[in-house]
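**Q** Contents of upload.csv (CSV, N, CA and C atoms) are below:
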chain,number,residue,atom,x,y,z
A,1,MET,N,-16.5,-7.7,18.7
A,1,MET,CA,-16.6,-6.2,18.9
A,1,MET,C,-18.1,-5.8,18.5
A,2,SER,N,-18.6,-4.9,19.4
A,2,SER,CA,-20.0,-4.5,19.1
A,2,SER,C,-20.0,-3.5,18.0
A,3,ASP,N,-21.2,-3.2,17.5
A,3,ASP,CA,-21.4,-2.2,16.4
A,3,ASP,C,-21.0,-0.8,16.9
A,4,ASP,N,-21.2,-0.5,18.1
A,4,ASP,CA,-20.8,0.8,18.7
A,4,ASP,C,-19.3,0.9,18.7
A,5,ASP,N,-18.6,-0.1,19.1
A,5,ASP,CA,-17.2,-0.2,19.1
A,5,ASP,C,-16.6,0.0,17.7
A,6,LEU,N,-17.2,-0.7,16.8
A,6,LEU,CA,-16.7,-0.7,15.4
A,6,LEU,C,-16.9,0.8,14.8
A,7,ARG,N,-18.1,1.4,15.1
A,7,ARG,CA,-18.4,2.7,14.6
A,7,ARG,C,-17.4,3.7,15.2
A,8,THR,N,-17.1,3.5,16.5
A,8,THR,CA,-16.1,4.4,17.1
A,8,THR,C,-14.7,4.3,16.5
A,9,ALA,N,-14.3,3.0,16.3
A,9,ALA,CA,-13.0,2.8,15.6
A,9,ALA,C,-13.0,3.3,14.2
A,10,ALA,N,-14.1,3.1,13.5
A,10,ALA,CA,-14.2,3.7,12.1
A,10,ALA,C,-14.1,5.2,12.1
A,11,ARG,N,-14.8,5.8,13.0
A,11,ARG,CA,-14.8,7.3,13.1
A,11,ARG,C,-13.3,7.7,13.4
A,12,ASN,N,-12.6,7.0,14.3
A,12,ASN,CA,-11.3,7.4,14.7
A,12,ASN,C,-10.3,7.2,13.5
A,13,ARG,N,-10.5,6.2,12.7
A,13,ARG,CA,-9.7,6.0,11.5
A,13,ARG,C,-9.9,7.1,10.5
A,14,LEU,N,-11.2,7.5,10.3
A,14,LEU,CA,-11.5,8.5,9.3
A,14,LEU,C,-11.0,9.9,9.8
A,15,LYS,N,-11.0,10.1,11.1
A,15,LYS,CA,-10.5,11.4,11.6
A,15,LYS,C,-9.0,11.4,11.4
A,16,ALA,N,-8.3,10.3,11.6
A,16,ALA,CA,-6.8,10.2,11.4
A,16,ALA,C,-6.5,10.5,10.0
A,17,LYS,N,-7.3,10.0,9.1
A,17,LYS,CA,-7.0,10.2,7.6
A,17,LYS,C,-7.2,11.7,7.3
A,18,SER,N,-8.3,12.3,7.9
A,18,SER,CA,-8.5,13.7,7.6
A,18,SER,C,-7.4,14.6,8.3
A,19,ASP,N,-6.9,14.2,9.5
A,19,ASP,CA,-5.8,14.9,10.1
A,19,ASP,C,-4.6,14.8,9.3
A,20,PHE,N,-4.3,13.6,8.7
A,20,PHE,CA,-3.1,13.5,7.9
A,20,PHE,C,-3.2,14.4,6.7
A,21,ARG,N,-4.3,14.5,6.0
A,21,ARG,CA,-4.4,15.4,4.9
A,21,ARG,C,-4.1,16.8,5.3
A,22,ASN,N,-4.6,17.2,6.4
A,22,ASN,CA,-4.4,18.6,6.9
A,22,ASN,C,-2.9,18.9,7.2
A,23,ILE,N,-2.3,17.9,7.9
A,23,ILE,CA,-0.9,18.1,8.2
A,23,ILE,C,0.0,18.1,7.0
A,24,LEU,N,-0.3,17.3,6.0
A,24,LEU,CA,0.4,17.2,4.8
A,24,LEU,C,0.4,18.5,4.0
A,25,LEU,N,-0.8,19.1,3.9
A,25,LEU,CA,-1.0,20.4,3.3
A,25,LEU,C,-0.2,21.5,4.0
A,26,THR,N,-0.2,21.5,5.3
A,26,THR,CA,0.5,22.4,6.1
A,26,THR,C,2.0,22.3,5.9
A,27,TRP,N,2.5,21.1,5.8
A,27,TRP,CA,3.9,20.8,5.6
A,27,TRP,C,4.3,21.3,4.2
A,28,ILE,N,3.5,21.1,3.2
A,28,ILE,CA,3.8,21.6,1.8
A,28,ILE,C,3.9,23.1,1.8
A,29,VAL,N,2.9,23.8,2.4
A,29,VAL,CA,2.9,25.2,2.4
A,29,VAL,C,4.1,25.8,3.2
A,30,LEU,N,4.4,25.2,4.4
A,30,LEU,CA,5.6,25.7,5.1
A,30,LEU,C,6.9,25.4,4.4
A,31,SER,N,7.0,24.3,3.7
A,31,SER,CA,8.2,24.0,2.9
A,31,SER,C,8.4,25.0,1.8
A,32,ILE,N,7.4,25.4,1.1
A,32,ILE,CA,7.4,26.4,0.1
A,32,ILE,C,7.8,27.7,0.7
A,33,PHE,N,7.3,28.1,1.9
A,33,PHE,CA,7.6,29.3,2.6
A,33,PHE,C,9.0,29.4,3.0
A,34,PHE,N,9.6,28.3,3.6
A,34,PHE,CA,11.0,28.2,4.0
A,34,PHE,C,11.9,28.4,2.8
A,35,VAL,N,11.6,27.7,1.7
A,35,VAL,CA,12.4,27.8,0.5
A,35,VAL,C,12.4,29.2,-0.1
A,36,ALA,N,11.2,29.8,-0.1
A,36,ALA,CA,11.1,31.2,-0.6
A,36,ALA,C,11.9,32.1,0.2
A,37,ILE,N,11.9,32.0,1.6
A,37,ILE,CA,12.7,32.9,2.4
A,37,ILE,C,14.2,32.7,2.1
A,38,TRP,N,14.6,31.4,2.0
A,38,TRP,CA,16.0,31.1,1.6
A,38,TRP,C,16.4,31.8,0.3
A,39,PHE,N,15.5,31.6,-0.7
A,39,PHE,CA,15.8,32.1,-2.1
A,39,PHE,C,15.9,33.6,-2.1
A,40,PHE,N,15.0,34.3,-1.4
A,40,PHE,CA,15.0,35.7,-1.5
A,40,PHE,C,15.9,36.4,-0.6
A,41,THR,N,16.6,35.6,0.3
A,41,THR,CA,17.7,36.2,1.1
A,41,THR,C,19.1,35.7,0.8
A,42,GLY,N,19.3,35.4,-0.5
A,42,GLY,CA,20.6,35.1,-1.0
A,42,GLY,C,20.6,33.7,-1.6
A,43,GLY,N,19.6,32.9,-1.4
A,43,GLY,CA,19.4,31.7,-2.1
A,43,GLY,C,20.5,30.8,-2.5
A,44,PRO,N,20.7,30.7,-3.8
A,44,PRO,CA,21.6,29.7,-4.4
A,44,PRO,C,23.0,29.9,-4.0
A,45,ASP,N,23.4,31.1,-3.5
A,45,ASP,CA,24.8,31.3,-3.1
A,45,ASP,C,25.0,30.9,-1.6
A,46,ARG,N,24.0,30.5,-0.9
A,46,ARG,CA,24.1,30.2,0.5
A,46,ARG,C,23.7,28.8,0.8
A,47,TYR,N,24.0,28.4,2.0
A,47,TYR,CA,23.7,27.1,2.6
A,47,TYR,C,22.2,26.9,2.5
A,48,PHE,N,21.7,25.7,2.1
A,48,PHE,CA,20.3,25.4,2.0
A,48,PHE,C,19.8,24.9,3.4
A,49,TRP,N,19.6,25.9,4.3
A,49,TRP,CA,19.1,25.6,5.6
A,49,TRP,C,17.6,25.1,5.7
A,50,PRO,N,16.8,25.4,4.7
A,50,PRO,CA,15.4,24.9,4.8
A,50,PRO,C,15.2,23.4,4.9
A,51,ILE,N,16.3,22.7,4.5
A,51,ILE,CA,16.2,21.2,4.6
A,51,ILE,C,15.9,20.8,6.0
A,52,TRP,N,16.4,21.5,7.0
A,52,TRP,CA,16.2,21.0,8.4
A,52,TRP,C,14.8,21.2,8.9
A,53,PRO,N,14.1,22.3,8.7
A,53,PRO,CA,12.7,22.3,9.1
A,53,PRO,C,11.8,21.5,8.2
A,54,ILE,N,12.2,21.3,7.0
A,54,ILE,CA,11.4,20.5,6.1
A,54,ILE,C,11.5,19.0,6.5
A,55,LEU,N,12.7,18.6,6.8
A,55,LEU,CA,12.9,17.2,7.3
A,55,LEU,C,12.2,17.0,8.7
A,56,GLY,N,12.4,18.0,9.6
A,56,GLY,CA,11.8,17.9,10.9
A,56,GLY,C,10.3,17.7,10.9
A,57,ILE,N,9.7,18.6,10.1
A,57,ILE,CA,8.2,18.5,10.0
A,57,ILE,C,7.8,17.3,9.2
A,58,GLY,N,8.6,16.9,8.3
A,58,GLY,CA,8.4,15.7,7.5
A,58,GLY,C,8.3,14.4,8.3
A,59,ILE,N,9.1,14.4,9.4
A,59,ILE,CA,9.0,13.2,10.3
A,59,ILE,C,7.6,13.1,10.9
A,60,GLY,N,7.1,14.2,11.3
A,60,GLY,CA,5.7,14.2,11.9
A,60,GLY,C,4.7,13.9,10.8
A,61,VAL,N,4.9,14.3,9.6
A,61,VAL,CA,3.9,14.0,8.5
A,61,VAL,C,4.0,12.5,8.3
A,62,LEU,N,5.2,11.9,8.3
A,62,LEU,CA,5.4,10.5,8.0
A,62,LEU,C,4.6,9.7,9.1
A,63,PHE,N,4.8,10.0,10.4
A,63,PHE,CA,4.1,9.3,11.4
A,63,PHE,C,2.6,9.4,11.4
A,64,SER,N,2.2,10.6,11.0
A,64,SER,CA,0.7,10.9,10.8
A,64,SER,C,0.2,10.0,9.7
A,65,GLY,N,0.9,9.9,8.6
A,65,GLY,CA,0.5,9.1,7.5
A,65,GLY,C,0.5,7.6,7.8
A,66,ILE,N,1.5,7.2,8.6
A,66,ILE,CA,1.5,5.8,9.0
A,66,ILE,C,0.3,5.5,9.9
A,67,ARG,N,0.0,6.4,10.8
A,67,ARG,CA,-1.2,6.2,11.7
A,67,ARG,C,-2.5,6.1,10.9
A,68,ALA,N,-2.6,7.0,9.8
A,68,ALA,CA,-3.9,7.1,9.1
A,68,ALA,C,-3.9,6.1,7.9
A,69,TYR,N,-2.8,5.5,7.5
A,69,TYR,CA,-2.8,4.6,6.3
A,69,TYR,C,-3.1,5.4,5.1
A,70,GLY,N,-2.8,6.7,5.0
A,70,GLY,CA,-3.0,7.5,3.7
A,70,GLY,C,-3.9,8.7,4.0
A,71,GLY,N,-4.2,9.4,2.9
A,71,GLY,CA,-5.0,10.6,3.0
A,71,GLY,C,-6.5,10.3,3.2
A,72,GLY,N,-7.2,11.3,3.6
A,72,GLY,CA,-8.6,11.2,3.8
A,72,GLY,C,-9.4,11.4,2.5
A,73,GLN,N,-10.7,11.2,2.6
A,73,GLN,CA,-11.6,11.2,1.5
A,73,GLN,C,-12.6,12.3,1.6
A,74,GLY,N,-12.2,13.5,2.2
A,74,GLY,CA,-13.2,14.5,2.4
A,74,GLY,C,-13.8,14.5,3.8
A,75,PRO,N,-14.9,15.2,3.9
A,75,PRO,CA,-15.5,15.3,5.3
A,75,PRO,C,-16.0,13.9,5.7
A,76,ILE,N,-16.0,13.7,7.0
A,76,ILE,CA,-16.5,12.4,7.6
A,76,ILE,C,-18.0,12.4,7.6
A,77,THR,N,-18.6,11.5,6.8
A,77,THR,CA,-20.0,11.4,6.7
A,77,THR,C,-20.4,10.1,7.3
A,78,GLU,N,-21.7,9.9,7.5
A,78,GLU,CA,-22.3,8.7,8.1
A,78,GLU,C,-22.0,7.5,7.1
A,79,SER,N,-22.2,7.8,5.8
A,79,SER,CA,-22.0,6.7,4.8
A,79,SER,C,-20.5,6.3,4.8
A,80,ALA,N,-19.6,7.2,5.0
A,80,ALA,CA,-18.2,6.9,5.1
A,80,ALA,C,-17.9,6.0,6.3
A,81,ILE,N,-18.5,6.4,7.4
A,81,ILE,CA,-18.4,5.6,8.7
A,81,ILE,C,-18.9,4.2,8.4
A,82,ASP,N,-20.1,4.1,7.8
A,82,ASP,CA,-20.7,2.8,7.5
A,82,ASP,C,-19.8,1.9,6.7
A,83,ALA,N,-19.2,2.6,5.6
A,83,ALA,CA,-18.3,1.8,4.7
A,83,ALA,C,-17.0,1.4,5.5
A,84,GLU,N,-16.5,2.2,6.4
A,84,GLU,CA,-15.3,1.8,7.1
A,84,GLU,C,-15.7,0.7,8.1
A,85,VAL,N,-16.9,0.7,8.7
A,85,VAL,CA,-17.3,-0.4,9.6
A,85,VAL,C,-17.4,-1.7,8.8
A,86,GLU,N,-17.9,-1.6,7.6
A,86,GLU,CA,-18.0,-2.8,6.7
A,86,GLU,C,-16.6,-3.4,6.4
A,87,ARG,N,-15.7,-2.5,6.0
A,87,ARG,CA,-14.3,-2.9,5.7
A,87,ARG,C,-13.7,-3.6,6.9
A,88,MET,N,-14.0,-3.0,8.1
A,88,MET,CA,-13.4,-3.6,9.3
A,88,MET,C,-14.0,-4.9,9.7
A,89,ARG,N,-15.3,-5.1,9.4
A,89,ARG,CA,-16.0,-6.4,9.6
A,89,ARG,C,-15.4,-7.5,8.7
A,90,ARG,N,-15.2,-7.1,7.5
A,90,ARG,CA,-14.7,-8.1,6.5
A,90,ARG,C,-13.2,-8.5,6.8
A,91,GLY,N,-12.4,-7.4,7.3
A,91,GLY,CA,-11.0,-7.7,7.6
A,91,GLY,C,-10.8,-8.2,9.0
A,92,GLY,N,-11.8,-8.1,9.8
A,92,GLY,CA,-11.7,-8.5,11.2
A,92,GLY,C,-10.8,-7.7,12.0
A,93,LYS,N,-10.4,-6.5,11.6
A,93,LYS,CA,-9.5,-5.7,12.4
A,93,LYS,C,-10.2,-4.4,12.8
A,94,ALA,N,-9.9,-4.0,14.0
A,94,ALA,CA,-10.3,-2.7,14.5
A,94,ALA,C,-9.2,-2.0,15.3
A,95,GLN,N,-8.9,-0.8,14.9
A,95,GLN,CA,-7.8,-0.1,15.6
A,95,GLN,C,-8.3,1.2,16.2
How does the structure come out when it is put into structure tokens?
**A**
Amino acid sequence: MSDDDLRTAARNRLKAKSDFRNILLTWIVLSIFFVAIWFFTGGPDRYFWPIWPILGIGIGVLFSGIRAYGGGQGPITESAIDAEVERMRRGGKAQ
């Protein structure tokens, strides 16, 4: 694999990690929002319907996490791309 191909793959991996962090945060905020709506509209005395959107969105979060192999490390910088390229060279894998 050429250096350009490795850099492109590294950039894609770092973007996937950053995307995962964003979707995870969105899922947490939405989950809190759904539970708050449930709680303030009768809450403990009623069926816990927020489980369904929480689980549904959670499936997307799970697949995003699998794709990214975990959360990101902040903004994508050239040094982060270089470090990812080095890891890929040592491991011999590019995705």
**Q** Would you compute the distance between atom C of Thr77 of chain A and atom C of Trp27 of chain A? Give it in Å to one decimal.
**A**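 Pair atom C of Thr77 of chain A / atom C of Trp27 of chain A returns 27.3 Å.
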**Q** Which neighbours of Thr8 of chain A fall inside 8 Å, counting all atoms listed in the file, when residues of the same chain fewer than 5 positions from it are skipped, and could you give them as number ranges by chain?
**A** A: 2-3, 13-14, 85, 95
**Q** What are the DSSP alpha helix (DSSP H) residues of chain A, as a VMD selection string?
**A** chain A and resid 3 to 40 51 to 68 78 to 91
**Q** Give me the residues within 12 Å of segment 44-60 of chain A as a ChimeraX atom specification, counting only C-alpha atoms and dropping any in the same chain fewer than 2 places off.
**A** /A:19-20,23-42,62-67
**Q** Would you mind reading off the distance between atom CA of Glu78 of chain A and atom C of Asn12 of chain A, one decimal, in Å?
**A**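 Atom CA of Glu78 of chain A sits 13.2 Å away from atom C of Asn12 of chain A.
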**Q** Please compute the atom CA of Glu86 of chain A-atom N of Arg21 of chain A distance, one decimal, in Å.
**A**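 Atom N of Arg21 of chain A lies at a distance of 22.1 Å from atom CA of Glu86 of chain A.
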**Q** Pick out the closest residue to Val61 of chain A from this set: A:Asn22, A:Gly43, A:Arg90, A:Ser79. Count only C-alpha atoms.
**A** A:Asn22
